[in-house]
Structures are given as structure tokens and as C-alpha cells.
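Working notes for the structure below.
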Amino acid sequence: MAALSNPGELFGQMVQAASNAIGKDITTLEGFARDQVIGIAQLTVTLELKIANGEFAGQPDRQQTALDILRSLIDNFVNTVLAMSIVLAEKAWNAVVDVAWNALDKAAGFALPRPSF
Amino acid sequence: MGLLAVVVVIFAGIGLGSCAVKLAPEFDQAIFDGLSKANEEAMKLFASAGSGPFSKRAKAYDDVIGELNAVQVQVSARGAPPPPSVLVEIAGVLGDKKAGQKLAAIAKPPTSADIDNLIRIMNAAKADDKLGLLARNLDFYKPAFSLQMAQALAYEKILQR
């Protein structure tokens, strides 16, 4: 019988694999989110000034369009961060399953079928 | 590292206990390239906004909007994977009979909504340009377009896995 994996070592390998798979992406996501929040805040101030200065006076449709653009931009930002996180979860999942199945392969003595993504 | 360890434990449990699933669409170079091209054309258009009459730029607006509509069709054709069956089952056990629909909505790729807003921005800029109002509102339309495009490109880029 093949030697069983040490749970602590296996856990460490899983953490490392997940870190390798998504570590750089997390940094990218953080930078993206920071830039977006700063940009959205600046855009909000720009629109605030336009409304205060009467840019849309007597033109409620134009004002509503600008508000809709900003609102969608914020909605889409939140959804994008969520969707990017889902991709990172998939990558982490994949990496962890890979480590687990490598250990299981050793116990079985042959390559077990990988879960299909 | 603590949070990562928790994520690892959760996904290790799910991964070992059931079939793994695909959580996001495949990267499509044509979609990424189409967005990049629309971005380039839009930036050129915004750069020329202050010079000459609207009639000289009308076709350029239509070109950008047409390019974005073409990418939208590609995004629709790509589709998205269904939500993980294990999560649907867990939510179903917890009593949520519409779990599949709700999870599909949460996990919906954002690109389509991004493109809708990019088209909305271009249409609004075009309408303002026609009225001679674009030059003083470029400080809204251009950053709005850039931020929205950055969202779309960042998501599409991360699909390249």
C-alpha cells in the first residue's frame, strides 16, 4: 500500500497551489478596483458640478441619460468585481483539485479521471 | 494567507465531494479584439470632438456603435456555463426552488451589460455633439467610456486562463 499523504503537508501544497494560481490576479483585481472607485468618484463630482451649473436645465432627458450612464457604470463595476472573483474561485478550485487528485493518483497507483470543468 | 487558507478548505471540500464545474466562459480573442478596436476608434473620435462640424464625425459614431453591436452578438453567442450544480443543490435543500435562476443571474458575465452602457454613452455623446454640446461635456463622456471599457477589458482578460 502506498504511503498516505500527511494532511498538514497536503494542506500546505493546496494553499501554495491556490496562491500560485490566483496570487497575481488578486493584485490585479485590487488595482483595478481601486482605479475604478477613484474614477467613479471623480465622474460623480463632474456630474454633480454639471447639474449644479445648470448644464441640463430644461433638459430632463439629457440629465436622466447621464444619471443612467453613471448608475450602470456603478452596477457594472460591482458585477465585474464579482464575476472576476468567480473566475479566481474557479482557478483556485482547479489548482486545489489538482493537488488532491495527484495524491489520490498515488494511492490508486494509476491516474484517476479528473473532475471536468 | 488566512483568508486564502479558508478558501482552500472550502474548495477542497467541494472539489473532493462532487463533480467540479466550470464557473465562467472561455476567453474569446475576437471579443477582446473587437472591444479593443472599438476603444481605439472611440478615443480617436473623442480626440477630434472639438474640431469641425458634427457631420464630419457622424459616421465615426456609427462605426463605433456598429463595432460594439457586433461584439455584443459575439458575446451572446458565447453564452455562459450554468451555475455549479452543487451550489444549486445546496440552495434547493435550503428551500430555494429558484436557486438555479438566481445563481445564474449572479454569475452572469458582465460583458453584455458593459457593452450596453458603452453604446448608451456613444449615443449620448453623439446626440450632444449634434447639438453642439459635446466639447463642454467631454469631461463626462470620455472618462465614463474609459471606465466602462476598462471593466469590460479587465473581465475579458481574466478569462484568459
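Going through the C-alpha cells in order, the chains are called A, B, and so on, while each chain numbers its residues from 1 and the ligands are numbered from 1 in the order shown.
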Neighbours of chain B in chain A at 8 Å, counting only C-alpha atoms, as a tab-separated table (two decimals) with all heavy atoms, in the first residue's frame:
chain	number	residue	atom	x	y	z
A	14	MET	N	-1.86	22.60	-1.07
A	14	MET	CA	-3.10	23.17	-1.63
A	14	MET	C	-3.09	24.69	-1.53
A	14	MET	O	-3.45	25.39	-2.48
A	14	MET	CB	-4.33	22.60	-0.91
A	14	MET	CG	-4.63	21.16	-1.26
A	14	MET	SD	-6.02	20.54	-0.30
A	14	MET	CE	-6.29	18.95	-1.08
A	15	VAL	N	-2.67	25.20	-0.37
A	15	VAL	CA	-2.60	26.66	-0.18
A	15	VAL	C	-1.62	27.27	-1.18
A	15	VAL	O	-1.91	28.29	-1.83
A	15	VAL	CB	-2.19	27.01	1.27
A	15	VAL	CG1	-1.89	28.50	1.40
A	15	VAL	CG2	-3.29	26.60	2.25
A	18	ALA	N	-3.07	27.17	-4.76
A	18	ALA	CA	-4.10	28.21	-4.94
A	18	ALA	C	-3.45	29.59	-5.02
A	18	ALA	O	-3.82	30.43	-5.84
A	18	ALA	CB	-5.10	28.16	-3.79
A	19	SER	N	-2.42	29.78	-4.17
A	19	SER	CA	-1.71	31.07	-4.17
A	19	SER	C	-1.02	31.30	-5.51
A	19	SER	O	-1.07	32.40	-6.07
A	19	SER	CB	-0.70	31.07	-3.03
A	19	SER	OG	0.04	32.25	-3.05
A	25	ASP	N	-3.43	37.52	-9.87
A	25	ASP	CA	-4.75	38.03	-10.27
A	25	ASP	C	-5.37	38.86	-9.15
A	25	ASP	O	-6.08	39.84	-9.42
A	25	ASP	CB	-5.70	36.87	-10.61
A	25	ASP	CG	-5.31	36.19	-11.92
A	25	ASP	OD1	-4.67	36.85	-12.75
A	25	ASP	OD2	-5.65	35.02	-12.09
A	32	PHE	N	-7.32	47.20	-10.12
A	32	PHE	CA	-8.46	47.53	-10.97
A	32	PHE	C	-9.58	48.18	-10.14
A	32	PHE	O	-10.12	49.22	-10.52
A	32	PHE	CB	-8.98	46.24	-11.65
A	32	PHE	CG	-10.36	46.35	-12.22
A	32	PHE	CD1	-10.59	47.02	-13.42
A	32	PHE	CD2	-11.44	45.79	-11.56
A	32	PHE	CE1	-11.87	47.12	-13.94
A	32	PHE	CE2	-12.72	45.88	-12.07
A	32	PHE	CZ	-12.94	46.56	-13.26
A	36	GLN	N	-11.00	52.01	-10.45
A	36	GLN	CA	-12.40	52.21	-10.80
A	36	GLN	C	-13.10	53.10	-9.76
A	36	GLN	O	-13.85	54.01	-10.13
A	36	GLN	CB	-13.12	50.86	-10.88
A	36	GLN	CG	-12.84	50.08	-12.15
A	36	GLN	CD	-13.63	50.60	-13.35
A	36	GLN	OE1	-14.79	50.94	-13.24
A	36	GLN	NE2	-12.98	50.66	-14.50
A	39	GLY	N	-11.98	56.63	-10.21
A	39	GLY	CA	-12.56	57.18	-11.44
A	39	GLY	C	-14.05	57.47	-11.31
A	39	GLY	O	-14.54	58.51	-11.76
A	40	ILE	N	-14.77	56.55	-10.67
A	40	ILE	CA	-16.22	56.73	-10.50
A	40	ILE	C	-16.49	57.92	-9.56
A	40	ILE	O	-17.41	58.71	-9.79
A	40	ILE	CB	-16.88	55.43	-9.98
A	40	ILE	CG1	-16.89	54.38	-11.11
A	40	ILE	CG2	-18.30	55.68	-9.47
A	40	ILE	CD1	-17.28	52.98	-10.68
A	43	LEU	N	-15.92	61.05	-11.56
A	43	LEU	CA	-17.01	61.24	-12.53
A	43	LEU	C	-18.28	61.74	-11.83
A	43	LEU	O	-19.02	62.56	-12.38
A	43	LEU	CB	-17.29	59.90	-13.24
A	43	LEU	CG	-18.04	59.98	-14.55
A	43	LEU	CD1	-17.24	60.72	-15.61
A	43	LEU	CD2	-18.37	58.58	-15.06
A	46	THR	N	-17.86	65.38	-11.28
A	46	THR	CA	-18.04	66.08	-12.56
A	46	THR	C	-19.52	66.27	-12.86
A	46	THR	O	-19.97	67.36	-13.24
A	46	THR	CB	-17.38	65.26	-13.71
A	46	THR	OG1	-16.00	65.10	-13.41
A	46	THR	CG2	-17.53	65.96	-15.05
A	47	LEU	N	-20.29	65.20	-12.68
A	47	LEU	CA	-21.73	65.27	-12.98
A	47	LEU	C	-22.45	66.19	-11.98
A	47	LEU	O	-23.34	66.97	-12.35
A	47	LEU	CB	-22.33	63.85	-12.94
A	47	LEU	CG	-23.77	63.70	-13.43
A	47	LEU	CD1	-23.96	64.28	-14.83
A	47	LEU	CD2	-24.19	62.24	-13.42
A	62	ARG	N	-31.76	64.63	-21.02
A	62	ARG	CA	-30.28	64.58	-21.07
A	62	ARG	C	-29.72	64.28	-19.69
A	62	ARG	O	-28.77	63.51	-19.55
A	62	ARG	CB	-29.71	65.91	-21.58
A	62	ARG	CG	-29.79	66.09	-23.10
A	62	ARG	CD	-29.09	67.37	-23.53
A	62	ARG	NE	-27.67	67.34	-23.29
A	62	ARG	CZ	-26.99	68.26	-22.59
A	62	ARG	NH1	-27.61	69.31	-22.10
A	62	ARG	NH2	-25.70	68.15	-22.43
A	65	THR	N	-30.24	60.62	-18.86
A	65	THR	CA	-29.29	59.77	-19.58
A	65	THR	C	-27.95	59.74	-18.86
A	65	THR	O	-27.34	58.67	-18.68
A	65	THR	CB	-29.11	60.28	-21.03
A	65	THR	OG1	-30.36	60.24	-21.69
A	65	THR	CG2	-28.12	59.42	-21.80
A	69	ILE	N	-26.15	56.51	-17.18
A	69	ILE	CA	-24.79	56.08	-17.51
A	69	ILE	C	-23.99	55.83	-16.23
A	69	ILE	O	-23.34	54.79	-16.08
A	69	ILE	CB	-24.08	57.15	-18.40
A	69	ILE	CG1	-24.67	57.13	-19.81
A	69	ILE	CG2	-22.57	56.93	-18.43
A	69	ILE	CD1	-24.24	58.30	-20.69
A	70	LEU	N	-24.07	56.78	-15.29
A	70	LEU	CA	-23.32	56.64	-14.03
A	70	LEU	C	-23.83	55.45	-13.23
A	70	LEU	O	-23.04	54.67	-12.68
A	70	LEU	CB	-23.43	57.93	-13.22
A	70	LEU	CG	-22.59	57.96	-11.93
A	70	LEU	CD1	-21.10	57.85	-12.23
A	70	LEU	CD2	-22.86	59.23	-11.13
A	72	SER	N	-25.36	52.73	-14.31
A	72	SER	CA	-24.95	51.47	-14.94
A	72	SER	C	-23.46	51.21	-14.73
A	72	SER	O	-23.05	50.06	-14.53
A	72	SER	CB	-25.24	51.51	-16.45
A	72	SER	OG	-26.62	51.58	-16.66
A	73	LEU	N	-22.68	52.28	-14.76
A	73	LEU	CA	-21.23	52.14	-14.55
A	73	LEU	C	-20.96	51.55	-13.16
A	73	LEU	O	-20.10	50.66	-13.02
A	73	LEU	CB	-20.57	53.52	-14.69
A	73	LEU	CG	-19.06	53.58	-14.79
A	73	LEU	CD1	-18.57	52.85	-16.03
A	73	LEU	CD2	-18.61	55.03	-14.83
A	76	ASN	N	-22.29	47.88	-13.04
A	76	ASN	CA	-21.41	47.00	-13.80
A	76	ASN	C	-20.07	46.80	-13.10
A	76	ASN	O	-19.47	45.74	-13.21
A	76	ASN	CB	-21.18	47.55	-15.22
A	76	ASN	CG	-22.46	47.53	-16.04
A	76	ASN	OD1	-23.42	46.85	-15.70
A	76	ASN	ND2	-22.48	48.28	-17.14
A	77	PHE	N	-19.61	47.83	-12.40
A	77	PHE	CA	-18.36	47.69	-11.64
A	77	PHE	C	-18.51	46.60	-10.57
A	77	PHE	O	-17.67	45.71	-10.46
A	77	PHE	CB	-17.97	49.03	-10.99
A	77	PHE	CG	-16.96	48.90	-9.89
A	77	PHE	CD1	-15.68	48.43	-10.17
A	77	PHE	CD2	-17.28	49.23	-8.58
A	77	PHE	CE1	-14.74	48.28	-9.14
A	77	PHE	CE2	-16.35	49.08	-7.56
A	77	PHE	CZ	-15.08	48.61	-7.85
A	79	ASN	N	-20.68	44.18	-10.48
A	79	ASN	CA	-20.84	42.87	-11.12
A	79	ASN	C	-19.52	42.36	-11.70
A	79	ASN	O	-19.27	41.15	-11.72
A	79	ASN	CB	-21.89	42.96	-12.24
A	79	ASN	CG	-23.28	43.09	-11.68
A	79	ASN	OD1	-23.54	42.67	-10.55
A	79	ASN	ND2	-24.19	43.69	-12.43
A	80	THR	N	-18.69	43.29	-12.19
A	80	THR	CA	-17.40	42.88	-12.75
A	80	THR	C	-16.49	42.33	-11.67
A	80	THR	O	-15.83	41.29	-11.86
A	80	THR	CB	-16.72	44.08	-13.47
A	80	THR	OG1	-17.57	44.52	-14.53
A	80	THR	CG2	-15.38	43.68	-14.07
A	82	LEU	N	-17.43	40.98	-8.91
A	82	LEU	CA	-18.00	39.68	-8.53
A	82	LEU	C	-17.63	38.61	-9.56
A	82	LEU	O	-17.18	37.51	-9.21
A	82	LEU	CB	-19.52	39.81	-8.41
A	82	LEU	CG	-20.29	38.54	-8.05
A	82	LEU	CD1	-19.90	38.05	-6.66
A	82	LEU	CD2	-21.80	38.79	-8.10
A	83	ALA	N	-17.79	38.96	-10.83
A	83	ALA	CA	-17.52	37.99	-11.90
A	83	ALA	C	-16.03	37.63	-11.96
A	83	ALA	O	-15.67	36.48	-12.20
A	83	ALA	CB	-17.97	38.56	-13.25
A	84	MET	N	-15.16	38.62	-11.72
A	84	MET	CA	-13.72	38.33	-11.71
A	84	MET	C	-13.39	37.43	-10.51
A	84	MET	O	-12.55	36.54	-10.62
A	84	MET	CB	-12.92	39.64	-11.65
A	84	MET	CG	-12.96	40.43	-12.97
A	84	MET	SD	-12.22	42.08	-12.85
A	84	MET	CE	-10.48	41.72	-13.00
A	86	ILE	N	-15.32	35.21	-9.28
A	86	ILE	CA	-15.78	33.86	-9.63
A	86	ILE	C	-14.72	33.15	-10.47
A	86	ILE	O	-14.46	31.96	-10.28
A	86	ILE	CB	-17.15	33.94	-10.37
A	86	ILE	CG1	-18.25	34.32	-9.37
A	86	ILE	CG2	-17.49	32.61	-11.06
A	86	ILE	CD1	-19.60	34.61	-9.99
A	87	VAL	N	-14.09	33.89	-11.38
A	87	VAL	CA	-13.01	33.29	-12.20
A	87	VAL	C	-11.85	32.88	-11.29
A	87	VAL	O	-11.27	31.79	-11.46
A	87	VAL	CB	-12.52	34.28	-13.28
A	87	VAL	CG1	-11.36	33.67	-14.07
A	87	VAL	CG2	-13.66	34.64	-14.23
A	90	GLU	N	-12.71	29.74	-9.54
A	90	GLU	CA	-12.55	28.59	-10.43
A	90	GLU	C	-11.09	28.16	-10.53
A	90	GLU	O	-10.76	26.97	-10.47
A	90	GLU	CB	-13.08	28.94	-11.83
A	90	GLU	CG	-13.03	27.76	-12.80
A	90	GLU	CD	-13.09	28.20	-14.24
A	90	GLU	OE1	-14.18	28.52	-14.71
A	90	GLU	OE2	-12.02	28.22	-14.89
A	91	LYS	N	-10.20	29.17	-10.68
A	91	LYS	CA	-8.78	28.85	-10.80
A	91	LYS	C	-8.24	28.21	-9.51
A	91	LYS	O	-7.47	27.24	-9.56
A	91	LYS	CB	-7.98	30.13	-11.13
A	91	LYS	CG	-8.20	30.61	-12.55
A	91	LYS	CD	-7.59	31.98	-12.79
A	91	LYS	CE	-6.20	31.89	-13.33
A	91	LYS	NZ	-5.69	33.20	-13.79
A	92	ALA	N	-8.68	28.76	-8.35
A	92	ALA	CA	-8.23	28.20	-7.07
A	92	ALA	C	-8.75	26.78	-6.92
A	92	ALA	O	-8.03	25.87	-6.50
A	92	ALA	CB	-8.72	29.08	-5.93
A	93	TRP	N	-10.02	26.59	-7.29
A	93	TRP	CA	-10.66	25.28	-7.21
A	93	TRP	C	-9.88	24.27	-8.06
A	93	TRP	O	-9.53	23.17	-7.60
A	93	TRP	CB	-12.09	25.44	-7.73
A	93	TRP	CG	-12.98	24.24	-7.65
A	93	TRP	CD1	-12.61	22.92	-7.67
A	93	TRP	CD2	-14.39	24.25	-7.55
A	93	TRP	NE1	-13.72	22.13	-7.61
A	93	TRP	CE2	-14.82	22.91	-7.53
A	93	TRP	CE3	-15.35	25.26	-7.49
A	93	TRP	CZ2	-16.17	22.56	-7.44
A	93	TRP	CZ3	-16.69	24.91	-7.41
A	93	TRP	CH2	-17.10	23.58	-7.38
A	96	VAL	N	-6.52	23.41	-6.46
A	96	VAL	CA	-6.65	22.57	-5.26
A	96	VAL	C	-7.05	21.15	-5.65
A	96	VAL	O	-6.51	20.16	-5.13
A	96	VAL	CB	-7.67	23.19	-4.28
A	96	VAL	CG1	-7.98	22.23	-3.14
A	96	VAL	CG2	-7.14	24.50	-3.73
A	97	VAL	N	-7.97	21.02	-6.59
A	97	VAL	CA	-8.39	19.69	-7.06
A	97	VAL	C	-7.20	18.95	-7.67
A	97	VAL	O	-7.02	17.75	-7.46
A	97	VAL	CB	-9.55	19.81	-8.08
A	97	VAL	CG1	-9.76	18.51	-8.84
A	97	VAL	CG2	-10.84	20.20	-7.36
A	100	ALA	N	-5.14	17.55	-4.89
A	100	ALA	CA	-5.85	16.43	-4.27
A	100	ALA	C	-5.80	15.19	-5.15
A	100	ALA	O	-5.51	14.09	-4.67
A	100	ALA	CB	-7.31	16.84	-4.00
A	115	PRO	N	-11.92	15.63	-12.30
A	115	PRO	CA	-13.25	16.23	-12.45
A	115	PRO	C	-13.22	17.16	-13.66
A	115	PRO	O	-12.22	17.85	-13.88
A	115	PRO	CB	-13.44	17.04	-11.16
A	115	PRO	CG	-12.37	16.60	-10.24
A	115	PRO	CD	-11.26	16.03	-11.06
A	116	SER	N	-14.27	17.15	-14.45
A	116	SER	CA	-14.25	18.00	-15.65
A	116	SER	C	-14.79	19.39	-15.34
A	116	SER	O	-15.82	19.52	-14.68
A	116	SER	CB	-15.07	17.37	-16.76
A	116	SER	OG	-16.37	17.14	-16.30
A	117	PHE	N	-14.10	20.41	-15.80
A	117	PHE	CA	-14.54	21.79	-15.59
A	117	PHE	C	-15.32	22.29	-16.79
A	117	PHE	O	-15.05	21.90	-17.89
A	117	PHE	CB	-13.33	22.70	-15.36
A	117	PHE	CG	-12.79	22.60	-13.97
A	117	PHE	CD1	-11.93	21.58	-13.62
A	117	PHE	CD2	-13.18	23.51	-13.01
A	117	PHE	CE1	-11.45	21.48	-12.33
A	117	PHE	CE2	-12.70	23.42	-11.72
A	117	PHE	CZ	-11.83	22.40	-11.38
Alpha helix (DSSP H) residues, from DSSP on the backbone, in chain A, as a PyMOL selection string: chain A and resi 7-52+60-108
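Excluding stretch 41-46 of chain B itself and same-chain residues fewer than 6 positions from it, the residues having an atom within 8 Å of it are Arg57, Ala60, Tyr61, Val64, Leu138 and Lys142 of chain B, counting only C-alpha atoms.
In this structure, atom CA of A:Glu30 sits 17.7 Å away from atom CA of A:Asp75.
Every protein, DNA or RNA residue with an atom at most 8 Å from B:Ala49, where only C-alpha atoms count and chain neighbours fewer than 5 positions away do not, is listed here: Arg57, Asp129, Leu134 and Ala135 of chain B.
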